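my_file-v9.txt (compact mmCIF, C-alpha atoms and all ligand atoms)
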```txt
# COMPACT_ATOMS: atom_id res chain seq x y z
CA MET A 328 -1.43 2.27 -21.96
CA LYS A 329 -3.23 0.21 -19.32
CA TYR A 330 -3.65 2.09 -16.04
CA HIS A 331 -2.59 -0.90 -13.96
CA VAL A 332 -2.41 -4.68 -14.36
CA PRO A 333 -4.09 -6.19 -11.28
CA VAL A 334 -1.90 -8.54 -9.25
CA LEU A 335 -3.10 -11.89 -7.83
CA LEU A 336 -6.55 -10.94 -9.11
CA ASN A 337 -8.41 -14.25 -8.85
CA GLU A 338 -6.53 -15.41 -5.77
CA SER A 339 -7.38 -12.26 -3.80
CA VAL A 340 -11.00 -11.89 -4.92
CA ASN A 341 -11.60 -15.61 -4.28
CA GLY A 342 -10.05 -14.96 -0.86
CA LEU A 343 -12.99 -12.64 -0.10
CA SER A 344 -15.30 -15.66 -0.48
CA ILE A 345 -17.93 -13.33 -1.92
CA LYS A 346 -21.63 -13.66 -1.09
CA PRO A 347 -23.53 -12.13 -4.02
CA GLU A 348 -25.71 -10.02 -1.71
CA GLY A 349 -22.84 -9.04 0.62
CA THR A 350 -21.17 -5.69 1.29
CA TYR A 351 -17.49 -5.32 0.38
CA VAL A 352 -14.74 -2.72 0.55
CA ASP A 353 -11.84 -2.33 -1.89
CA LEU A 354 -9.47 0.06 -0.12
CA THR A 355 -7.12 0.58 -3.08
CA PHE A 356 -9.13 1.17 -6.26
CA GLY A 357 -6.20 2.15 -8.58
CA GLY A 358 -7.31 1.17 -12.08
CA GLY A 359 -10.27 -0.75 -10.64
CA GLY A 360 -9.05 -4.24 -11.58
CA HIS A 361 -10.04 -5.86 -8.28
CA SER A 362 -13.20 -3.75 -7.91
CA SER A 363 -14.36 -4.89 -11.35
CA LEU A 364 -14.11 -8.58 -10.50
CA ILE A 365 -15.81 -8.03 -7.13
CA LEU A 366 -18.70 -6.24 -8.88
CA ASP A 367 -19.03 -9.17 -11.31
CA LYS A 368 -19.63 -11.47 -8.36
CA LEU A 369 -22.28 -9.30 -6.65
CA ASN A 370 -26.00 -9.24 -7.39
CA VAL A 371 -28.12 -6.06 -7.22
CA LYS A 372 -28.42 -6.36 -3.44
CA GLY A 373 -24.64 -6.61 -3.01
CA LYS A 374 -22.61 -3.44 -2.46
CA LEU A 375 -19.05 -2.33 -3.11
CA PHE A 376 -17.39 0.73 -1.60
CA SER A 377 -13.97 1.49 -3.07
CA PHE A 378 -11.36 3.99 -1.94
CA ASP A 379 -8.33 5.76 -3.32
CA LYS A 380 -6.60 8.95 -2.25
CA ASP A 381 -5.22 9.70 -5.71
CA ASP A 382 -7.30 11.99 -7.95
CA SER A 383 -6.07 10.23 -11.08
CA ALA A 384 -7.49 6.91 -9.85
CA ILE A 385 -10.81 8.59 -9.01
CA LYS A 386 -10.95 10.10 -12.52
CA GLU A 387 -10.18 6.70 -14.04
CA ASN A 388 -13.41 5.24 -12.67
CA LYS A 389 -15.71 4.05 -15.46
CA PHE A 390 -18.10 1.99 -13.35
CA LYS A 391 -21.70 3.14 -13.39
CA ASN A 392 -23.12 0.28 -11.25
CA VAL A 393 -25.79 1.54 -8.85
CA ASN A 394 -24.40 -0.69 -6.08
CA PHE A 395 -20.93 0.87 -6.33
CA GLN A 396 -19.43 3.99 -4.76
CA LEU A 397 -15.89 5.31 -5.15
CA ILE A 398 -14.69 7.48 -2.28
CA LYS A 399 -11.65 9.74 -2.34
CA SER A 400 -9.93 9.32 1.00
CA ASP A 401 -6.97 7.79 2.75
CA PHE A 402 -8.09 4.28 3.65
CA LYS A 403 -7.24 4.85 7.31
CA PHE A 404 -10.56 6.74 7.46
CA PHE A 405 -12.59 4.07 5.66
CA ASP A 406 -14.76 3.36 8.70
CA LEU A 407 -16.02 6.97 8.92
CA HIS A 408 -17.05 7.05 5.26
CA ILE A 409 -18.81 3.70 5.39
CA ARG A 410 -20.67 4.51 8.61
CA ASP A 411 -21.74 7.83 7.06
CA ARG A 412 -23.46 5.73 4.43
CA GLY A 413 -25.39 3.76 7.03
CA ILE A 414 -23.26 0.59 7.03
CA GLU A 415 -22.10 -0.83 10.40
CA LYS A 416 -20.28 -4.00 9.30
CA VAL A 417 -19.09 -5.53 6.03
CA ASP A 418 -18.45 -9.02 4.65
CA GLY A 419 -14.98 -8.40 3.28
CA ILE A 420 -12.17 -5.89 2.98
CA LEU A 421 -9.47 -6.01 0.32
CA ALA A 422 -6.31 -3.91 0.08
CA ASP A 423 -3.72 -4.12 -2.70
CA LEU A 424 -1.09 -1.91 -1.12
CA GLY A 425 1.50 0.42 -2.60
CA VAL A 426 1.53 2.29 -5.88
CA SER A 427 -0.10 1.64 -9.25
CA SER A 428 1.75 1.35 -12.57
CA HIS A 429 0.04 4.59 -13.59
CA GLN A 430 1.65 6.40 -10.67
CA ILE A 431 5.10 4.91 -11.33
CA ASP A 432 5.00 5.45 -15.11
CA ASN A 433 3.96 9.10 -14.94
CA LYS A 434 7.34 10.80 -14.59
CA LYS A 435 5.73 14.01 -13.31
CA ARG A 436 4.65 12.13 -10.18
CA GLY A 437 8.26 11.45 -9.19
CA PHE A 438 7.84 7.83 -8.04
CA SER A 439 10.46 6.45 -10.43
CA TYR A 440 14.23 6.87 -10.44
CA LEU A 441 14.18 6.58 -14.24
CA GLY A 442 14.32 9.85 -16.18
CA ASN A 443 14.82 13.18 -14.49
CA GLY A 444 11.47 13.63 -12.78
CA VAL A 445 10.96 15.98 -9.85
CA LEU A 446 11.02 14.34 -6.44
CA ASP A 447 7.32 14.44 -5.58
CA MET A 448 5.98 10.91 -4.77
CA ARG A 449 2.70 12.09 -3.23
CA MET A 450 -0.19 9.68 -3.85
CA SER A 451 -2.57 12.44 -2.88
CA THR A 452 -1.78 15.94 -4.12
CA ASP A 453 -3.83 17.27 -1.17
CA SER A 454 -0.95 16.26 1.02
CA GLU A 455 1.83 18.79 1.66
CA LEU A 456 4.82 16.56 2.26
CA SER A 457 6.76 15.66 -0.90
CA ALA A 458 9.96 13.68 -1.43
CA GLU A 459 11.75 16.98 -2.09
CA GLU A 460 10.66 18.24 1.32
CA VAL A 461 11.80 15.05 3.07
CA LEU A 462 15.21 15.11 1.35
CA ASN A 463 15.84 18.79 2.02
CA THR A 464 14.48 19.26 5.54
CA TYR A 465 14.75 16.02 7.54
CA ASP A 466 17.69 15.80 9.93
CA GLN A 467 20.31 13.10 9.59
CA ASP A 468 18.84 10.69 12.14
CA SER A 469 15.38 10.88 10.57
CA LEU A 470 16.76 10.27 7.07
CA GLN A 471 18.89 7.41 8.32
CA ASN A 472 15.93 5.78 10.10
CA ILE A 473 13.70 6.06 7.07
CA LEU A 474 16.31 4.49 4.78
CA PHE A 475 17.06 1.72 7.24
CA ASN A 476 13.52 0.92 8.37
CA TYR A 477 11.57 1.39 5.14
CA GLY A 478 14.23 0.45 2.59
CA ASP A 479 16.30 -2.08 4.50
CA ILE A 480 19.36 -0.09 3.42
CA LYS A 481 22.41 -1.19 5.40
CA ASN A 482 24.68 1.84 4.82
CA SER A 483 21.85 4.25 5.63
CA LYS A 484 24.07 6.44 7.84
CA ILE A 485 26.55 7.20 5.05
CA ILE A 486 23.78 7.86 2.55
CA ALA A 487 22.01 10.23 4.95
CA GLN A 488 25.32 12.08 5.47
CA GLU A 489 25.90 12.35 1.72
CA ILE A 490 22.39 13.72 1.16
CA ILE A 491 22.88 16.35 3.83
CA SER A 492 26.30 17.43 2.61
CA TYR A 493 24.96 17.79 -0.98
CA ARG A 494 21.88 19.75 0.03
CA ASN A 495 24.02 22.17 2.04
CA LYS A 496 25.39 23.28 -1.35
CA LYS A 497 22.36 22.78 -3.59
CA ARG A 498 18.68 21.94 -3.01
CA ILE A 499 17.76 18.41 -4.13
CA ILE A 500 14.83 18.82 -6.51
CA ASN A 501 15.02 16.03 -9.09
CA ASN A 502 16.37 12.53 -9.69
CA GLU A 503 19.62 13.86 -11.09
CA ASP A 504 20.28 15.83 -7.89
CA LEU A 505 19.63 12.79 -5.75
CA LEU A 506 21.92 10.63 -7.87
CA MET A 507 24.61 13.31 -7.70
CA ALA A 508 24.21 13.47 -3.93
CA ILE A 509 24.92 9.76 -3.50
CA LYS A 510 27.37 9.30 -6.39
CA ASN A 511 30.31 8.76 -4.05
CA ILE A 512 28.99 5.50 -2.66
CA SER A 513 30.39 2.53 -4.53
CA LYS A 514 29.10 1.85 -8.08
CA LYS A 515 28.11 -1.67 -7.03
CA LYS A 516 25.77 -0.30 -4.39
CA LEU A 517 24.11 2.07 -6.86
CA SER A 518 22.32 -0.80 -8.61
CA TYR A 519 18.69 -0.67 -9.73
CA LYS A 520 17.90 -2.84 -6.72
CA PHE A 521 19.46 -0.27 -4.40
CA LEU A 522 17.67 2.62 -6.11
CA SER A 523 14.33 0.78 -5.83
CA LYS A 524 14.89 0.40 -2.10
CA LEU A 525 15.93 4.04 -1.73
CA TYR A 526 12.86 5.32 -3.61
CA GLN A 527 10.58 2.89 -1.79
CA ALA A 528 11.84 4.16 1.57
CA ILE A 529 11.24 7.82 0.67
CA ARG A 530 7.81 7.03 -0.82
CA ILE A 531 6.68 5.20 2.33
CA GLU A 532 7.63 8.22 4.42
CA VAL A 533 6.02 10.75 2.06
CA ASN A 534 2.71 8.88 2.11
CA ASP A 535 2.85 7.80 5.75
CA GLU A 536 2.10 4.31 4.47
CA ILE A 537 2.92 2.34 7.60
CA SER A 538 0.68 4.29 9.93
CA SER A 539 -2.19 4.16 7.40
CA LEU A 540 -1.80 0.40 7.21
CA ARG A 541 -1.72 -0.01 10.99
CA GLU A 542 -4.79 2.21 11.48
CA MET A 543 -6.71 0.40 8.77
CA LEU A 544 -5.86 -3.07 10.16
CA LYS A 545 -6.98 -2.04 13.66
CA LYS A 546 -10.26 -0.67 12.32
CA SER A 547 -10.95 -3.78 10.22
CA VAL A 548 -11.48 -5.78 13.43
CA ASP A 549 -14.66 -3.96 14.46
CA PHE A 550 -15.80 -3.48 10.95
CA LEU A 551 -15.87 -7.06 9.70
CA LYS A 552 -18.86 -9.30 10.37
CA LYS A 553 -18.19 -12.71 11.91
CA SER A 554 -16.64 -14.85 9.11
CA GLY A 555 -15.91 -11.68 7.14
CA ARG A 556 -12.64 -11.79 5.22
CA LEU A 557 -9.60 -9.50 5.37
CA VAL A 558 -7.52 -9.86 2.19
CA ILE A 559 -4.24 -7.95 1.88
CA ILE A 560 -1.64 -7.93 -0.89
CA SER A 561 1.64 -6.39 0.23
CA TYR A 562 4.85 -5.68 -1.67
CA HIS A 563 7.61 -5.42 0.88
CA SER A 564 8.65 -7.08 4.10
CA ILE A 565 7.69 -4.25 6.49
CA GLU A 566 4.08 -4.33 5.30
CA ASP A 567 3.93 -8.12 5.10
CA ARG A 568 5.27 -8.51 8.64
CA LEU A 569 2.58 -6.18 10.03
CA VAL A 570 -0.18 -7.98 8.12
CA LYS A 571 1.11 -11.42 9.09
CA ASN A 572 1.40 -10.58 12.79
CA PHE A 573 -1.96 -8.87 12.85
CA ILE A 574 -3.76 -11.82 11.26
CA ASN A 575 -1.85 -14.49 13.22
CA LYS A 576 -1.25 -12.79 16.58
CA SER A 577 -3.75 -9.87 16.68
CA SER A 578 -0.78 -7.56 17.27
CA PHE A 579 1.92 -5.78 15.28
CA ASN A 580 4.77 -7.79 16.72
CA SER A 581 5.38 -11.50 17.12
CA ASP A 582 3.78 -11.69 20.59
CA PHE A 583 0.10 -12.55 20.87
CA LYS A 584 -2.21 -9.79 22.07
CA LYS A 585 -3.50 -10.90 25.49
CA ASP A 586 -6.35 -9.82 27.73
CA LEU A 587 -6.01 -8.77 31.40
CA TYR A 588 -5.96 -12.44 32.48
CA GLY A 589 -3.23 -13.38 30.02
CA LYS A 590 -5.60 -15.14 27.63
CA LYS A 591 -4.76 -14.83 23.94
CA ILE A 592 -7.01 -12.49 21.97
CA GLU A 593 -7.70 -13.86 18.52
CA PHE A 594 -9.30 -11.58 15.94
CA PHE A 595 -8.74 -13.74 12.88
CA LYS A 596 -8.40 -17.31 11.72
CA ARG A 597 -5.67 -17.38 9.11
CA ILE A 598 -6.83 -18.92 5.85
CA ASN A 599 -3.40 -19.45 4.31
CA LYS A 600 -0.49 -20.52 6.49
CA LYS A 601 2.11 -19.33 3.98
CA PRO A 602 1.53 -16.16 1.93
CA ILE A 603 0.16 -16.76 -1.56
CA VAL A 604 2.60 -15.50 -4.21
CA PRO A 605 2.02 -15.01 -7.95
CA PRO A 606 2.68 -18.00 -10.23
CA ILE A 607 5.75 -17.67 -12.49
CA GLU A 608 3.48 -17.07 -15.51
CA GLU A 609 2.07 -13.96 -13.80
CA ILE A 610 5.54 -12.69 -12.87
CA ALA A 611 6.75 -13.27 -16.45
CA PHE A 612 3.79 -11.29 -17.79
CA ASN A 613 3.83 -8.57 -15.10
CA SER A 614 7.22 -8.10 -13.43
CA ARG A 615 5.69 -5.70 -10.88
CA SER A 616 3.91 -8.65 -9.32
CA ARG A 617 7.19 -10.36 -8.35
CA SER A 618 7.29 -9.18 -4.73
CA ALA A 619 3.56 -9.57 -4.02
CA LYS A 620 2.40 -11.56 -0.99
CA LEU A 621 -1.24 -12.26 -0.27
CA ARG A 622 -2.56 -13.01 3.20
CA ILE A 623 -6.15 -13.78 4.13
CA GLY A 624 -7.76 -13.72 7.56
CA GLU A 625 -11.30 -14.66 8.56
CA ARG A 626 -12.89 -12.71 11.41
CA ILE A 627 -13.66 -14.98 14.33
C1 LIG B 701 -1.41 -1.22 -6.25
S1 LIG B 701 -2.55 0.05 -6.61
C2 LIG B 701 -4.09 -0.79 -6.64
C3 LIG B 701 -4.42 -1.37 -7.97
C4 LIG B 701 -5.80 -1.95 -8.09
N1 LIG B 701 -5.99 -3.06 -7.18
C5 LIG B 701 -6.08 -2.38 -9.50
O1 LIG B 701 -6.25 -3.57 -9.72
O2 LIG B 701 -6.11 -1.53 -10.38
C6 LIG B 701 -2.68 0.90 -5.11
C7 LIG B 701 -3.63 2.08 -5.13
O3 LIG B 701 -3.97 2.37 -3.79
C8 LIG B 701 -3.88 3.74 -3.54
N2 LIG B 701 -3.49 3.87 -2.14
C9 LIG B 701 -2.35 3.44 -1.55
N3 LIG B 701 -2.36 3.72 -0.24
C10 LIG B 701 -3.54 4.34 0.02
C11 LIG B 701 -4.14 4.86 1.21
N4 LIG B 701 -3.52 4.83 2.37
N5 LIG B 701 -5.37 5.38 1.10
C12 LIG B 701 -6.02 5.43 -0.09
N6 LIG B 701 -5.50 4.98 -1.25
C13 LIG B 701 -4.27 4.44 -1.19
C14 LIG B 701 -2.86 4.28 -4.51
O4 LIG B 701 -3.12 5.62 -4.81
C15 LIG B 701 -3.04 3.35 -5.72
O5 LIG B 701 -3.93 3.91 -6.65
```
Can you give me the file's structure in the form of structure tokens?
Amino acid sequence: MKYHVPVLLNESVNGLSIKPEGTYVDLTFGGGGHSSLILDKLNVKGKLFSFDKDDSAIKENKFKNVNFQLIKSDFKFFDLHIRDRGIEKVDGILADLGVSSHQIDNKKRGFSYLGNGVLDMRMSTDSELSAEEVLNTYDQDSLQNILFNYGDIKNSKIIAQEIISYRNKKRIINNEDLLMAIKNISKKKLSYKFLSKLYQAIRIEVNDEISSLREMLKKSVDFLKKSGRLVIISYHSIEDRLVKNFINKSSFNSDFKKDLYGKKIEFFKRINKKPIVPPIEEIAFNSRSRSAKLRIGERI
């Protein structure tokens, strides 16, 4: 089975506006789909540094190109690794956020609500926090906030209460336990759509995805050369809002970042006013691409 089908492949790599002798960073290697196309566009002087924090993605690497390095790390530390290798600034940074098909399809990893996998959801097995830990140790307010903020779940308070009352009797260790814990909420609400949101919310917490994204975006500013491109594919509204505001307003909310004199600080020129979304043919072929949104900024 294919490790991962790359999403918005040409649109995102074209968004990097690659110079064949340039230096590029792919922050989310996965199955290497985007890295492969970037390498095709580089000459021997060009360089690509790719990152992933998941061992299985690192093991998947088949590229032997001398101008390519794959680094195992959370991408929030990308700057340290690149500087260690003597590079001060790069021509483009790409991130295809979230999880790969390989991670979702491997039931032992616990990313999917299908089957009776254990509730793990760690992208990096070096990390200690698992979904099981979150579900069994977080207090009600924390659970409620996670479900509401990361999953957009409206009845998050009731669900948090149900989880806590179940775990007081039995530890929640697998999908079946979690489904049992929330079985009393109406059948209509327990749709696949609801379960996707619930699992997404827990996964974002387990992997601290929002703070990694924020850190990485902030660091991209100093790390991109003038006219260097920032290309981000996101898969849910929380991520897309952060990326959009950062590219358009240089801040994480809808107000422009301003200097001491009240003058707007602009880090990026936005290349696409509206996010680029996959064409229907791509969605028909790869349903996991359906929520993808691509935004491109050019460093000013
Ligand atoms: C959607 S997949 C990328 C797929 C890839 N573009 C391809 O075409 O095969 C996302 C990958 O990024 C990794 N990842 C997500 N967040 C990360 C982070 N903060 N640091 C490092 N790797 C991360 C995941 O482990 C996963 O392998």
Counting only C-alpha atoms and all ligand atoms, the residue of A:Ile365, A:Leu462, A:Ala528, A:Ile485 that sits nearest ligand LIG 701 (chain B): A:Ile365
Give me the stretch 548-613 of chain A side of the contact with stretch 477-481 of chain A, cut-off 10 Å, one line per residue showing its nearest atom pair and distance in Å at one decimal, counting all atoms listed in the file, sorted by chain and residue number, as a tab-separated table.
```
residue	atom	partner	partner_atom	distance
A:His563	CA	A:Tyr477	CA	9.0
A:Ser564	CA	A:Tyr477	CA	9.0
A:Ile565	CA	A:Tyr477	CA	7.0
A:Glu566	CA	A:Tyr477	CA	9.4
```
Exercise: residues within 8 Å of coordinate (-14.5, 2.7, -5.9), counting only C-alpha atoms, as a PDB file with C-alpha atoms, keeping the file's coordinate frame:
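Generated output (out.pdb):
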```
ATOM      1  CA  ASP A 353     -11.840  -2.330  -1.890  1.00  0.00           C
ATOM      2  CA  PHE A 356      -9.130   1.170  -6.260  1.00  0.00           C
ATOM      3  CA  GLY A 359     -10.270  -0.750 -10.640  1.00  0.00           C
ATOM      4  CA  SER A 362     -13.200  -3.750  -7.910  1.00  0.00           C
ATOM      5  CA  LEU A 375     -19.050  -2.330  -3.110  1.00  0.00           C
ATOM      6  CA  PHE A 376     -17.390   0.730  -1.600  1.00  0.00           C
ATOM      7  CA  SER A 377     -13.970   1.490  -3.070  1.00  0.00           C
ATOM      8  CA  PHE A 378     -11.360   3.990  -1.940  1.00  0.00           C
ATOM      9  CA  ASP A 379      -8.330   5.760  -3.320  1.00  0.00           C
ATOM     10  CA  ILE A 385     -10.810   8.590  -9.010  1.00  0.00           C
ATOM     11  CA  ASN A 388     -13.410   5.240 -12.670  1.00  0.00           C
ATOM     12  CA  PHE A 395     -20.930   0.870  -6.330  1.00  0.00           C
ATOM     13  CA  GLN A 396     -19.430   3.990  -4.760  1.00  0.00           C
ATOM     14  CA  LEU A 397     -15.890   5.310  -5.150  1.00  0.00           C
ATOM     15  CA  ILE A 398     -14.690   7.480  -2.280  1.00  0.00           C
TER      16      ILE A 398
END
```
At what distance in Å, to one decimal, does atom CA of A:Leu525 lie from atom CA of A:Ile560?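 Straight-line distance from atom CA of A:Ile560 to atom CA of A:Leu525 works out to 21.3 Å.
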Show which residues sit within 10 Å of A:Gly444, as JSON, numbers by chain. Count all atoms listed in the file, and ignore same-chain residues fewer than 6 positions away. {"A": [433, 434, 435, 436, 437, 438, 500, 501, 502, 503]}
Please, which residues have at least one atom within 7 Å of an atom of ligand LIG 701 (chain B), using only C-alpha atoms and all ligand atoms, listed as JSON, numbers by chain? {"A": [331, 332, 333, 334, 354, 355, 356, 357, 358, 359, 360, 361, 378, 379, 380, 381, 384, 400, 401, 402, 403, 423, 424, 425, 426, 427, 450, 536, 539, 540]}
Up to 6 Å from (-22.2, -8.8, 10.2) in the file's coordinates: name the residues, counting all atoms listed in the file, as a ChimeraX atom specification. /A:416,552-553
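Each of A:Arg498, A:Lys399, A:Met448, A:Ser428 was compared to A:Ser616 using only C-alpha atoms, and A:Ser428 turns out to be the nearest.
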Interatomic distance between atom CA of A:Ile610 and atom CA of A:Asp418?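 Pair atom CA of A:Ile610 / atom CA of A:Asp418 returns 29.9 Å.
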Using only C-alpha atoms, can you tell me which of A:Leu335, A:Ile473, A:Leu369, A:Ala487 comes closest to A:Asp535?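 Residue with the minimum atom-to-atom distance to A:Asp535: A:Ile473.
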Between A:Asn472, A:Tyr330, A:Lys389, A:Phe594, single out the one closest to A:Asp549, counting only C-alpha atoms.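 Checking each of A:Asn472, A:Tyr330, A:Lys389, A:Phe594 against A:Asp549, counting only C-alpha atoms, the winner is A:Phe594.
Counting only C-alpha atoms and comparing A:Ser451, A:Gln527, A:Ser614, A:Gln430, the residue that lies closest to A:Phe475 is A:Gln527.
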Distance atom CA of A:Leu336-atom CA of A:Gly624, one decimal place?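 About the pair atom CA of A:Leu336 and atom CA of A:Gly624: they are 16.9 Å apart.
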So which residues touch A:Asn392 within 10 Å, counting all atoms listed in the file, skipping near sequence neighbours fewer than 5 positions away, as a list in words? Leu366, Val371, Lys374 and Leu375 of chain A
For A:Ser581, which residue out of A:Pro605, A:Leu522, A:Ser457, A:Arg568 is the nearest one, using only C-alpha atoms?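 Residue with the minimum atom-to-atom distance to A:Ser581: A:Arg568.
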